[in-house]
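Data from query-v3.cif: mmCIF, C-alpha atoms
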data_protein
#
loop_
_atom_site.label_atom_id
_atom_site.label_comp_id
_atom_site.auth_asym_id
_atom_site.auth_seq_id
_atom_site.Cartn_x
_atom_site.Cartn_y
_atom_site.Cartn_z
CA MET A 1 6.88 -22.43 -13.60
CA ILE A 2 4.47 -20.20 -11.70
CA ALA A 3 2.29 -18.00 -13.90
CA ILE A 4 1.40 -14.53 -12.60
CA VAL A 5 -1.68 -13.72 -14.64
CA ASP A 6 -1.67 -10.33 -16.34
CA TYR A 7 -5.13 -9.19 -17.41
CA GLY A 8 -4.25 -5.53 -17.83
CA ALA A 9 -5.26 -4.37 -14.36
CA GLY A 10 -2.81 -2.89 -11.92
CA ASN A 11 0.78 -3.47 -11.05
CA LEU A 12 2.13 -7.02 -11.01
CA VAL A 13 5.76 -6.16 -10.38
CA SER A 14 5.48 -6.44 -6.58
CA VAL A 15 4.22 -10.03 -6.76
CA LYS A 16 6.92 -10.95 -9.26
CA LYS A 17 9.71 -9.53 -7.16
CA ALA A 18 8.50 -11.38 -4.04
CA LEU A 19 8.51 -14.71 -5.92
CA ASP A 20 11.91 -13.83 -7.42
CA TRP A 21 13.20 -13.16 -3.90
CA LEU A 22 12.01 -16.62 -2.87
CA GLY A 23 13.96 -18.09 -5.78
CA GLN A 24 10.85 -19.28 -7.61
CA GLU A 25 10.74 -19.63 -11.36
CA CYS A 26 7.87 -17.38 -12.38
CA ALA A 27 6.66 -15.24 -15.24
CA ILE A 28 4.07 -12.53 -15.75
CA SER A 29 1.85 -13.78 -18.55
CA SER A 30 -1.20 -12.69 -20.50
CA GLN A 31 -1.08 -15.80 -22.74
CA PRO A 32 -3.76 -18.44 -22.05
CA GLU A 33 -1.49 -21.22 -23.42
CA GLN A 34 1.34 -20.29 -21.07
CA VAL A 35 -1.03 -20.05 -18.07
CA ALA A 36 -2.52 -23.43 -18.95
CA LYS A 37 0.94 -25.06 -18.92
CA SER A 38 2.10 -23.55 -15.62
CA SER A 39 2.64 -25.58 -12.44
CA LYS A 40 0.91 -22.97 -10.26
CA ILE A 41 -1.17 -19.88 -10.93
CA VAL A 42 -1.20 -16.58 -9.06
CA LEU A 43 -3.93 -14.10 -9.93
CA PRO A 44 -3.11 -10.69 -8.45
CA GLY A 45 -5.65 -7.95 -8.57
CA VAL A 46 -6.09 -4.35 -7.67
CA GLY A 47 -8.73 -1.90 -8.62
CA HIS A 48 -12.25 -2.67 -9.68
CA PHE A 49 -14.05 -6.04 -9.78
CA ALA A 50 -15.26 -5.18 -13.30
CA SER A 51 -11.66 -5.35 -14.57
CA THR A 52 -11.83 -9.15 -14.15
CA ALA A 53 -14.21 -9.20 -17.15
CA ALA A 54 -11.03 -9.00 -19.27
CA LEU A 55 -10.21 -12.55 -18.11
CA ALA A 56 -13.27 -13.95 -19.84
CA ARG A 57 -12.68 -11.95 -23.05
CA SER A 58 -9.01 -12.92 -23.38
CA GLY A 59 -9.41 -16.66 -22.94
CA LEU A 60 -7.49 -16.55 -19.66
CA GLN A 61 -10.59 -17.54 -17.68
CA ALA A 62 -10.97 -20.75 -19.70
CA ALA A 63 -7.26 -21.52 -19.26
CA ILE A 64 -7.50 -20.94 -15.51
CA ARG A 65 -10.66 -23.05 -15.17
CA ASP A 66 -9.04 -25.84 -17.13
CA ALA A 67 -5.85 -25.75 -15.03
CA ILE A 68 -7.85 -25.71 -11.78
CA GLY A 69 -9.81 -28.70 -13.07
CA ARG A 70 -6.51 -30.57 -13.44
CA GLY A 71 -5.56 -29.76 -9.82
CA VAL A 72 -3.10 -26.92 -10.47
CA PRO A 73 -2.73 -24.86 -7.25
CA PHE A 74 -4.28 -21.42 -7.57
CA LEU A 75 -3.79 -18.30 -5.43
CA GLY A 76 -6.00 -15.24 -5.88
CA ILE A 77 -4.81 -11.99 -4.28
CA CYS A 78 -7.15 -9.11 -3.33
CA VAL A 79 -9.57 -8.65 -6.26
CA GLY A 80 -8.06 -11.92 -7.55
CA MET A 81 -9.57 -13.67 -4.52
CA GLN A 82 -12.87 -11.80 -4.82
CA TRP A 83 -13.13 -13.09 -8.40
CA MET A 84 -13.12 -16.66 -7.00
CA LEU A 85 -16.60 -15.98 -5.58
CA GLU A 86 -19.86 -15.88 -7.54
CA HIS A 87 -20.49 -12.12 -7.47
CA SER A 88 -19.43 -8.78 -6.08
CA GLN A 89 -21.65 -5.88 -5.08
CA GLU A 90 -18.99 -3.70 -6.72
CA SER A 91 -20.02 -4.88 -10.19
CA PRO A 92 -23.15 -7.07 -10.06
CA GLU A 93 -23.16 -7.59 -13.83
CA THR A 94 -19.65 -9.15 -13.82
CA PRO A 95 -19.77 -12.84 -12.87
CA GLY A 96 -16.99 -14.31 -10.77
CA LEU A 97 -15.51 -17.77 -11.21
CA GLY A 98 -17.82 -19.26 -8.56
CA LEU A 99 -15.13 -21.45 -6.97
CA PHE A 100 -16.50 -20.39 -3.59
CA PRO A 101 -20.16 -19.56 -2.93
CA GLY A 102 -21.41 -16.10 -2.06
CA GLU A 103 -20.64 -12.52 -2.94
CA CYS A 104 -18.31 -9.70 -1.93
CA GLU A 105 -20.01 -6.96 0.04
CA ARG A 106 -19.39 -3.36 1.07
CA PHE A 107 -18.02 -2.37 4.46
CA PRO A 108 -20.66 -0.98 6.83
CA PRO A 109 -20.89 2.85 6.99
CA SER A 110 -19.54 2.74 10.57
CA VAL A 111 -15.96 2.41 9.28
CA LYS A 112 -13.88 4.35 6.75
CA SER A 113 -13.62 2.61 3.42
CA PRO A 114 -11.25 1.60 1.85
CA HIS A 115 -9.68 -0.51 4.59
CA VAL A 116 -6.02 0.47 4.24
CA GLY A 117 -3.13 -0.60 6.42
CA TRP A 118 -1.89 -3.36 8.69
CA ASN A 119 -4.51 -5.43 10.46
CA GLN A 120 -4.36 -8.63 12.49
CA LEU A 121 -5.51 -12.11 11.49
CA GLU A 122 -7.15 -14.88 13.44
CA LEU A 123 -5.92 -18.08 11.80
CA ASN A 124 -7.62 -21.40 11.23
CA PRO A 125 -4.96 -23.70 12.72
CA SER A 126 -5.46 -26.34 10.02
CA SER A 127 -4.63 -23.92 7.20
CA ARG A 128 -1.80 -25.04 4.91
CA LEU A 129 -1.29 -21.52 3.58
CA PHE A 130 -0.43 -20.20 7.06
CA ARG A 131 1.73 -23.15 8.12
CA GLY A 132 4.64 -21.98 10.30
CA ILE A 133 3.21 -18.47 10.72
CA PRO A 134 2.80 -17.43 14.39
CA ALA A 135 -0.72 -16.72 15.70
CA LEU A 136 -2.29 -13.28 15.24
CA PRO A 137 0.01 -12.05 12.45
CA PHE A 138 -0.25 -8.56 10.94
CA VAL A 139 -0.69 -8.20 7.18
CA TYR A 140 -1.20 -5.27 4.79
CA PHE A 141 -4.66 -4.64 3.33
CA THR A 142 -6.04 -2.18 0.80
CA HIS A 143 -9.60 -2.90 -0.35
CA SER A 144 -13.16 -1.53 -0.43
CA TYR A 145 -15.15 -4.79 -0.57
CA ARG A 146 -14.94 -7.86 1.62
CA ILE A 147 -15.86 -11.52 1.66
CA PRO A 148 -18.12 -12.91 4.41
CA VAL A 149 -16.88 -15.62 6.76
CA SER A 150 -17.69 -19.14 5.54
CA GLU A 151 -16.62 -22.77 5.94
CA ALA A 152 -13.68 -22.07 3.60
CA THR A 153 -12.32 -19.21 5.73
CA ALA A 154 -8.65 -19.83 6.55
CA ALA A 155 -8.10 -16.50 8.31
CA CYS A 156 -10.46 -13.87 9.72
CA CYS A 157 -9.94 -10.16 10.11
CA ASP A 158 -12.07 -7.60 11.96
CA TYR A 159 -12.85 -4.21 10.45
CA GLY A 160 -16.44 -3.12 11.00
CA GLY A 161 -17.16 -6.80 11.72
CA ARG A 162 -15.37 -10.02 10.87
CA PHE A 163 -14.65 -11.00 7.28
CA SER A 164 -12.63 -13.59 5.36
CA ALA A 165 -9.02 -12.48 5.03
CA ALA A 166 -8.14 -15.83 3.44
CA LEU A 167 -10.01 -18.72 1.84
CA GLU A 168 -8.72 -22.24 1.36
CA ARG A 169 -10.14 -25.44 -0.07
CA ASP A 170 -8.17 -28.29 -1.64
CA HIS A 171 -5.74 -26.60 -4.05
CA LEU A 172 -7.67 -23.30 -4.16
CA PHE A 173 -6.43 -20.36 -2.10
CA GLY A 174 -7.32 -16.69 -1.83
CA VAL A 175 -6.02 -13.83 0.29
CA GLN A 176 -7.65 -10.43 0.65
CA PHE A 177 -4.43 -8.80 1.89
CA HIS A 178 -1.18 -8.37 -0.05
CA PRO A 179 1.36 -11.04 0.97
CA GLU A 180 3.92 -9.38 -1.31
CA LYS A 181 3.73 -6.29 0.94
CA SER A 182 3.26 -8.01 4.30
CA ALA A 183 6.93 -8.39 5.27
CA ASP A 184 8.11 -11.77 6.61
CA VAL A 185 4.58 -13.08 7.21
CA GLY A 186 3.69 -12.53 3.57
CA LEU A 187 6.90 -14.09 2.26
CA GLN A 188 6.29 -17.17 4.44
CA LEU A 189 2.77 -17.47 3.04
CA LEU A 190 3.99 -17.22 -0.55
CA SER A 191 6.71 -19.73 0.23
CA ASN A 192 4.06 -22.11 1.62
CA PHE A 193 2.03 -21.77 -1.57
CA CYS A 194 5.10 -22.37 -3.73
CA ALA A 195 5.92 -25.50 -1.73
CA LEU A 196 2.51 -27.14 -2.32
CA MET B 1 -7.82 -3.90 14.91
CA LEU B 2 -6.50 -1.74 12.09
CA THR B 3 -3.23 -0.26 13.31
CA LYS B 4 -1.93 3.26 12.90
CA ARG B 5 1.00 3.30 10.51
CA ILE B 6 4.46 4.77 11.03
CA ILE B 7 6.02 5.60 7.68
CA ALA B 8 9.72 6.17 7.02
CA CYS B 9 10.54 8.93 4.57
CA LEU B 10 13.82 9.10 2.66
CA ASP B 11 14.69 12.26 0.76
CA VAL B 12 16.75 11.25 -2.27
CA ASP B 13 18.90 13.46 -4.47
CA GLY B 14 20.96 12.03 -7.34
CA GLY B 15 20.59 8.48 -6.04
CA ARG B 16 21.70 9.34 -2.50
CA VAL B 17 19.74 9.88 0.69
CA VAL B 18 20.13 13.38 2.05
CA LYS B 19 19.48 14.23 5.72
CA GLY B 20 19.33 10.50 6.25
CA VAL B 21 19.36 8.43 9.37
CA GLN B 22 22.52 6.77 10.61
CA PHE B 23 22.47 3.01 10.95
CA GLU B 24 25.65 1.64 12.46
CA ASP B 25 25.57 -1.65 10.62
CA LEU B 26 25.17 -0.24 7.13
CA ARG B 27 27.98 -0.39 4.58
CA ASP B 28 26.78 2.82 3.07
CA ALA B 29 24.51 5.07 5.11
CA GLY B 30 23.60 7.17 2.09
CA ASP B 31 22.32 4.36 -0.08
CA PRO B 32 18.51 4.50 -0.41
CA ALA B 33 18.16 0.75 -1.00
CA ASP B 34 20.15 -0.18 2.13
CA LEU B 35 18.37 2.44 4.21
CA ALA B 36 14.91 1.42 3.04
CA LYS B 37 15.64 -2.17 4.05
CA ALA B 38 17.10 -1.07 7.38
CA HIS B 39 13.98 0.98 8.11
CA SER B 40 11.78 -1.98 7.24
CA GLU B 41 13.75 -4.26 9.55
CA SER B 42 13.63 -1.71 12.35
CA GLY B 43 9.82 -1.72 12.24
CA ALA B 44 8.65 0.89 9.71
CA ASP B 45 5.22 0.02 8.29
CA GLU B 46 5.92 1.64 4.93
CA VAL B 47 8.67 3.52 3.13
CA VAL B 48 8.34 6.70 1.09
CA LEU B 49 11.16 7.65 -1.29
CA LEU B 50 10.95 11.31 -2.16
CA ASP B 51 13.04 12.53 -5.09
CA ILE B 52 14.00 16.08 -4.20
CA SER B 53 16.37 16.63 -7.13
CA ALA B 54 14.89 19.29 -9.35
CA ALA B 55 16.69 18.09 -12.47
CA HIS B 56 14.54 15.94 -14.70
CA GLN B 57 17.61 14.42 -16.39
CA GLN B 58 18.27 12.52 -13.16
CA ARG B 59 15.14 10.46 -13.77
CA ALA B 60 17.08 7.37 -14.89
CA THR B 61 19.11 7.50 -11.66
CA LEU B 62 15.94 7.68 -9.59
CA LEU B 63 14.34 4.75 -11.39
CA GLU B 64 17.44 2.63 -10.85
CA THR B 65 17.40 3.64 -7.18
CA VAL B 66 13.76 2.61 -6.81
CA ARG B 67 14.43 -0.67 -8.59
CA ARG B 68 17.24 -1.52 -6.19
CA ALA B 69 15.22 -0.48 -3.14
CA ALA B 70 12.10 -2.37 -4.24
CA ARG B 71 13.95 -5.61 -4.93
CA GLN B 72 14.53 -6.28 -1.24
CA LEU B 73 11.58 -4.42 0.30
CA PHE B 74 8.37 -6.30 1.14
CA ILE B 75 6.35 -3.55 2.75
CA PRO B 76 4.54 -0.85 0.75
CA LEU B 77 6.85 1.52 -1.12
CA THR B 78 5.69 4.95 -2.27
CA VAL B 79 7.72 7.10 -4.66
CA GLY B 80 7.19 10.82 -5.07
CA GLY B 81 8.84 13.79 -6.71
CA GLY B 82 8.83 14.87 -10.32
CA ILE B 83 5.93 12.69 -11.51
CA ARG B 84 4.17 14.86 -14.09
CA SER B 85 2.39 12.41 -16.37
CA LEU B 86 0.85 8.96 -16.63
CA GLU B 87 4.04 7.84 -18.38
CA ASP B 88 6.21 9.08 -15.49
CA ALA B 89 3.98 7.14 -13.08
CA ALA B 90 4.06 3.99 -15.22
CA ALA B 91 7.87 4.11 -15.31
CA VAL B 92 7.98 4.30 -11.50
CA PHE B 93 5.51 1.41 -11.07
CA SER B 94 7.51 -0.73 -13.49
CA THR B 95 10.49 -0.53 -11.11
CA GLY B 96 8.50 -2.12 -8.27
CA ALA B 97 6.93 0.84 -6.44
CA ASP B 98 3.45 0.18 -5.01
CA LYS B 99 2.21 3.78 -4.88
CA ILE B 100 3.18 7.08 -6.41
CA SER B 101 2.81 10.45 -4.75
CA ILE B 102 1.93 13.53 -6.79
CA ASN B 103 1.69 17.13 -5.67
CA SER B 104 2.33 20.05 -8.06
CA ALA B 105 1.31 18.10 -11.16
CA ALA B 106 -2.00 17.12 -9.55
CA LEU B 107 -2.85 20.71 -8.71
CA SER B 108 -2.06 21.97 -12.21
CA ASN B 109 -3.73 18.95 -13.86
CA PRO B 110 -6.21 17.28 -11.46
CA ASN B 111 -7.22 14.83 -14.17
CA LEU B 112 -3.82 13.18 -13.74
CA ILE B 113 -5.11 11.69 -10.46
CA THR B 114 -7.97 10.01 -12.34
CA GLN B 115 -5.74 8.81 -15.17
CA ILE B 116 -3.29 7.09 -12.83
CA ALA B 117 -6.09 5.70 -10.62
CA GLU B 118 -7.92 4.20 -13.60
CA ARG B 119 -4.78 2.45 -14.82
CA PHE B 120 -3.20 1.38 -11.53
CA GLY B 121 -6.05 1.62 -9.00
CA SER B 122 -6.82 4.30 -6.42
CA GLN B 123 -4.79 2.45 -3.79
CA ALA B 124 -1.69 3.33 -5.81
CA VAL B 125 -2.31 7.09 -5.91
CA VAL B 126 -1.21 9.29 -3.02
CA VAL B 127 -1.90 13.00 -3.37
CA ALA B 128 0.61 15.04 -1.37
CA ILE B 129 -0.56 18.39 -0.05
CA ASP B 130 1.84 20.95 1.41
CA ALA B 131 -0.35 23.22 3.51
CA LYS B 132 0.31 26.51 5.26
CA ARG B 133 -2.01 28.24 7.71
CA ARG B 134 -3.60 31.42 6.40
CA ALA B 135 -3.00 34.50 8.53
CA ASN B 136 -5.56 34.88 11.33
CA ALA B 137 -7.76 32.01 10.19
CA ALA B 138 -8.38 28.34 10.89
CA ALA B 139 -7.76 27.64 7.22
CA TRP B 140 -4.81 26.38 5.22
CA GLU B 141 -3.60 27.04 1.70
CA ALA B 142 -2.05 24.37 -0.54
CA PHE B 143 1.41 25.14 -1.92
CA THR B 144 3.28 23.59 -4.84
CA HIS B 145 6.86 23.28 -6.07
CA GLY B 146 8.36 22.31 -2.75
CA GLY B 147 6.43 24.98 -0.89
CA ARG B 148 7.60 27.85 -3.08
CA THR B 149 4.37 28.58 -4.93
CA ALA B 150 1.01 29.44 -3.39
CA SER B 151 -1.81 27.73 -5.27
CA GLY B 152 -4.65 29.84 -3.89
CA ARG B 153 -6.51 26.58 -3.14
CA ASP B 154 -7.89 25.73 0.27
CA ALA B 155 -6.10 22.59 1.48
CA VAL B 156 -9.22 20.90 2.88
CA GLU B 157 -11.27 21.60 -0.23
CA TRP B 158 -8.41 20.37 -2.45
CA ALA B 159 -8.16 17.15 -0.41
CA ARG B 160 -11.87 16.52 -1.01
CA GLU B 161 -11.47 17.11 -4.72
CA ALA B 162 -8.43 14.82 -4.85
CA GLU B 163 -10.50 12.07 -3.18
CA SER B 164 -13.38 12.54 -5.62
CA ARG B 165 -10.93 12.32 -8.54
CA GLY B 166 -9.60 8.97 -7.38
CA ALA B 167 -6.84 9.56 -4.84
CA GLY B 168 -6.39 6.64 -2.46
CA GLU B 169 -4.58 8.49 0.32
CA ILE B 170 -3.61 12.04 1.28
CA LEU B 171 -0.06 12.80 2.43
CA LEU B 172 -0.52 16.04 4.34
CA THR B 173 2.49 18.13 5.28
CA SER B 174 2.26 21.14 7.55
CA MET B 175 4.70 23.71 6.19
CA ASP B 176 4.38 25.64 9.46
CA ARG B 177 5.60 22.68 11.49
CA ASP B 178 7.98 21.01 9.05
CA GLY B 179 11.48 20.84 10.51
CA THR B 180 10.46 22.37 13.85
CA ALA B 181 10.16 19.14 15.89
CA SER B 182 7.41 20.96 17.80
CA GLY B 183 4.65 18.47 16.98
CA PHE B 184 2.31 17.80 14.10
CA ASP B 185 -0.37 20.35 13.20
CA CYS B 186 -3.29 18.46 14.72
CA ASP B 187 -5.85 21.11 13.71
CA LEU B 188 -4.87 20.88 10.05
CA THR B 189 -4.71 17.08 10.13
CA ARG B 190 -8.12 16.76 11.78
CA ALA B 191 -9.69 19.28 9.39
CA VAL B 192 -8.59 17.16 6.43
CA ALA B 193 -9.05 13.71 8.01
CA ASP B 194 -12.64 14.53 9.02
CA SER B 195 -13.47 15.79 5.52
CA VAL B 196 -12.42 12.73 3.50
CA ARG B 197 -13.02 8.99 3.74
CA ILE B 198 -9.56 8.00 2.51
CA PRO B 199 -6.58 7.65 4.86
CA VAL B 200 -4.62 10.75 5.81
CA ILE B 201 -0.89 10.57 6.49
CA ALA B 202 0.31 13.38 8.76
CA SER B 203 3.71 14.89 8.12
CA GLY B 204 5.80 17.74 9.44
CA GLY B 205 6.78 18.53 13.00
CA ALA B 206 7.45 15.15 14.59
CA GLY B 207 9.83 15.50 17.51
CA ASP B 208 8.98 12.75 19.96
CA ALA B 209 6.59 9.88 20.62
CA ARG B 210 4.06 12.16 22.29
CA HIS B 211 3.60 14.07 19.04
CA PHE B 212 2.65 10.87 17.25
CA ALA B 213 0.12 9.98 19.95
CA GLU B 214 -1.40 13.47 19.62
CA VAL B 215 -1.76 13.37 15.85
CA PHE B 216 -3.41 9.94 15.99
CA ARG B 217 -5.77 10.88 18.84
CA GLU B 218 -6.48 14.57 18.26
CA GLY B 219 -5.56 14.86 14.59
CA HIS B 220 -7.46 11.69 13.57
CA ALA B 221 -4.51 10.71 11.35
CA ASP B 222 -4.41 7.18 9.96
CA ALA B 223 -0.63 7.23 9.56
CA ALA B 224 2.27 9.51 10.35
CA LEU B 225 5.48 10.18 8.54
CA ALA B 226 8.77 10.13 10.40
CA ALA B 227 11.86 11.56 8.76
CA SER B 228 14.22 13.23 11.14
CA ILE B 229 12.72 12.14 14.49
CA PHE B 230 15.59 9.72 14.82
CA HIS B 231 17.84 12.63 15.56
CA TYR B 232 15.83 13.27 18.72
CA GLY B 233 16.57 10.23 20.81
CA ILE B 234 14.41 7.55 19.21
CA HIS B 235 16.65 5.10 17.42
CA ARG B 236 14.33 2.45 16.12
CA PHE B 237 10.81 2.40 14.76
CA ALA B 238 10.08 -0.52 17.06
CA ASP B 239 10.93 1.66 20.10
CA LEU B 240 8.58 4.41 18.94
CA LYS B 241 5.84 1.88 18.25
CA HIS B 242 6.29 0.27 21.67
CA GLN B 243 5.88 3.64 23.35
CA LEU B 244 2.73 4.38 21.33
CA SER B 245 1.35 0.93 22.00
CA LEU B 246 1.76 1.48 25.76
CA GLN B 247 -0.37 4.61 25.34
CA GLY B 248 -3.14 2.56 23.75
CA ILE B 249 -2.48 3.39 20.09
CA PRO B 250 -2.87 0.23 17.97
CA MET B 251 0.49 -0.64 16.40
CA ARG B 252 1.90 -3.50 14.34
CA LEU B 253 4.08 -5.27 16.92
CA PRO B 254 6.29 -7.22 16.88
CA CYS B 255 7.42 -5.90 13.57
#

Encoded form (structure tokens):
Amino acid sequence: MIAIVDYGAGNLVSVKKALDWLGQECAISSQPEQVAKSSKIVLPGVGHFASTAALARSGLQAAIRDAIGRGVPFLGICVGMQWMLEHSQESPETPGLGLFPGECERFPPSVKSPHVGWNQLELNPSSRLFRGIPALPFVYFTHSYRIPVSEATAACCDYGGRFSAALERDHLFGVQFHPEKSADVGLQLLSNFCAL
Amino acid sequence: MLTKRIIACLDVDGGRVVKGVQFEDLRDAGDPADLAKAHSESGADEVVLLDISAAHQQRATLLETVRRAARQLFIPLTVGGGIRSLEDAAAVFSTGADKISINSAALSNPNLITQIAERFGSQAVVVAIDAKRRANAAAWEAFTHGGRTASGRDAVEWAREAESRGAGEILLTSMDRDGTASGFDCDLTRAVADSVRIPVIASGGAGDARHFAEVFREGHADAALAASIFHYGIHRFADLKHQLSLQGIPMRLPC
């Protein structure tokens, strides 16, 4: 069973319905015990980085850390991916999970922020998350902070400079865009994650 | 490069699409769920479902309609019409909508924008502004209740306030151009788009591909709404987007 982690921020229905469409057994859960027992974890996220502080308070963070330690595949979406880093400029006092080094930063003043709409990705050909997805796909973004390019970058996007649209290392995955709203490309990506 | 978005709008009344678009291969051309999916497959970047039924007792019908449409739609879905409270918005989100659009209720209670944004995020809150040019002036007034009531508010100033209160996007309709097929109001669109940092969706007046190119170039719109353009010789979103792409407007293609 795939756990879609509910920490009281935003709307999780879109992620659920995409996994339902793919025929995956999944449940929205705010229970640390249920998350700990799941075969895969999806952490959606919209809104403010500070809202992830609820994960630490509720015991969900410990459950997630424990599951990741046992090799359970993990996918963070949008703020859910940003939380996988150490920090975000959006809320410097809220620590991230530190699964990837670095911090989320603002867009430069040269571009409108938030970055909203369909933008194109440059894929790392060895990515497992993007397996079977044609080069230069379009995906749907809506975010105000971004993650710098690093060794873990699985896909790059350019908006006021290049940034990490996806991160990937071992069984840890993050996407800045919304696969559940990115048409066939997004469904293929979710299907790839489910098949791990 | 970030593309310009082409958004399909479906006007829904009592669970049926009114002034809809004809798709030959649909079982039921008036069904919002089938039409939303058909628009998505024909290349629309987003879908807006606008409930134009005045009767609040039809709310359950609308929610069921949204639920059915959302189940098979994997591009952003916005729902507008009749959302007057945080509870109304929460009910719409629970059916699978990604964004809600509010108009009259936001003008009478601007704090509603903040309430919904705090709970669901700014990206989920679209403030719709119906604007009409003031006589003999390069200024526009915001109207409510389907364009029947003048609010007295300047449309540009109201857009700025909506942004500061947490709106994630502005859906800007020119009442002067709506239904005319004579082109978007580029002056209005530019006045608003240059005054806010959030995306502006232009609406009202689309007749052909040239009008879309104009509102992106001269109106500085981030997205444009297409409702009845398909009555004017463009049959698929992909065709429209190809034409715009050839003119150098960044588009999501193939879609």

| request: To one decimal in Å, tell me the separation between CA of Gln120 in chain A and CA of Cys157 in chain A. | output: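 Answer for the CA of Gln120 in chain A to CA of Cys157 in chain A separation: 6.3 Å.
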
| request: Name the closest residue to chain B among the candidates A:Gly71, A:Gly23, A:Gly132, A:Gly47; distances are taken between atoms, counting all atoms listed in the file. | output: A:Gly47

| field | Neighbour list for range 250-253 of chain B as a list in words, cut-off 7 Å, only C-alpha atoms, skip fewer than 6 positions in-chain | value | Trp118 and Phe138 of chain A; Thr3, Lys4 and Lys241 of chain B

Applied to the shown file, which residues does the PyMOL selection byres ((chain A) within 9 of (chain B)) return, written as a compact mmCIF listing (two decimals) with C-alpha atoms, in the coordinates of the input?
# COMPACT_ATOMS: atom_id res chain seq x y z
CA GLY A 8 -4.25 -5.53 -17.83
CA ALA A 9 -5.26 -4.37 -14.36
CA GLY A 10 -2.81 -2.89 -11.92
CA ASN A 11 0.78 -3.47 -11.05
CA LEU A 12 2.13 -7.02 -11.01
CA VAL A 13 5.76 -6.16 -10.38
CA SER A 14 5.48 -6.44 -6.58
CA LYS A 17 9.71 -9.53 -7.16
CA ALA A 18 8.50 -11.38 -4.04
CA ASP A 20 11.91 -13.83 -7.42
CA TRP A 21 13.20 -13.16 -3.90
CA VAL A 46 -6.09 -4.35 -7.67
CA GLY A 47 -8.73 -1.90 -8.62
CA HIS A 48 -12.25 -2.67 -9.68
CA LYS A 112 -13.88 4.35 6.75
CA SER A 113 -13.62 2.61 3.42
CA PRO A 114 -11.25 1.60 1.85
CA HIS A 115 -9.68 -0.51 4.59
CA VAL A 116 -6.02 0.47 4.24
CA GLY A 117 -3.13 -0.60 6.42
CA TRP A 118 -1.89 -3.36 8.69
CA ASN A 119 -4.51 -5.43 10.46
CA GLN A 120 -4.36 -8.63 12.49
CA PRO A 137 0.01 -12.05 12.45
CA PHE A 138 -0.25 -8.56 10.94
CA VAL A 139 -0.69 -8.20 7.18
CA TYR A 140 -1.20 -5.27 4.79
CA THR A 142 -6.04 -2.18 0.80
CA HIS A 143 -9.60 -2.90 -0.35
CA CYS A 157 -9.94 -10.16 10.11
CA ASP A 158 -12.07 -7.60 11.96
CA TYR A 159 -12.85 -4.21 10.45
CA PRO A 179 1.36 -11.04 0.97
CA GLU A 180 3.92 -9.38 -1.31
CA LYS A 181 3.73 -6.29 0.94
CA SER A 182 3.26 -8.01 4.30
CA ALA A 183 6.93 -8.39 5.27
CA ASP A 184 8.11 -11.77 6.61
CA GLY A 186 3.69 -12.53 3.57
CA LEU A 187 6.90 -14.09 2.26

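If only C-alpha atoms are the atoms counted, then among B:Glu214, B:Val200, B:Arg190, B:Ala138 the closest residue to Ala167 in chain B is B:Val200.
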
| said: Can you pull out the residues contacting Cys104 in chain A? Cut-off 12 Å, using all atoms listed in the file, and skip same-chain residues under 3 positions away; I want them as a PyMOL selection string. | reply: chain A and resi 49+78-92+94-96+98+100-101+107+143-149+163-165+176

| task | Can you give me, as a VMD selection string, the residues this file yields under the PyMOL selection byres ((chain A and resi 58-61) around 8)? | result | chain A and resid 30 to 32 35 54 to 57 62 to 65

Go ahead and save the residues from that selection, with C-alpha atoms, as an mmCIF file, keeping the file's coordinate frame.
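Once everything was written out, this is part_18.cif:
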data_model
loop_
_atom_site.group_PDB
_atom_site.id
_atom_site.type_symbol
_atom_site.label_atom_id
_atom_site.label_comp_id
_atom_site.auth_asym_id
_atom_site.auth_seq_id
_atom_site.Cartn_x
_atom_site.Cartn_y
_atom_site.Cartn_z
ATOM 1 C CA SER A 30 -1.200 -12.690 -20.500
ATOM 2 C CA GLN A 31 -1.080 -15.800 -22.740
ATOM 3 C CA PRO A 32 -3.760 -18.440 -22.050
ATOM 4 C CA VAL A 35 -1.030 -20.050 -18.070
ATOM 5 C CA ALA A 54 -11.030 -9.000 -19.270
ATOM 6 C CA LEU A 55 -10.210 -12.550 -18.110
ATOM 7 C CA ALA A 56 -13.270 -13.950 -19.840
ATOM 8 C CA ARG A 57 -12.680 -11.950 -23.050
ATOM 9 C CA ALA A 62 -10.970 -20.750 -19.700
ATOM 10 C CA ALA A 63 -7.260 -21.520 -19.260
ATOM 11 C CA ILE A 64 -7.500 -20.940 -15.510
ATOM 12 C CA ARG A 65 -10.660 -23.050 -15.170
#
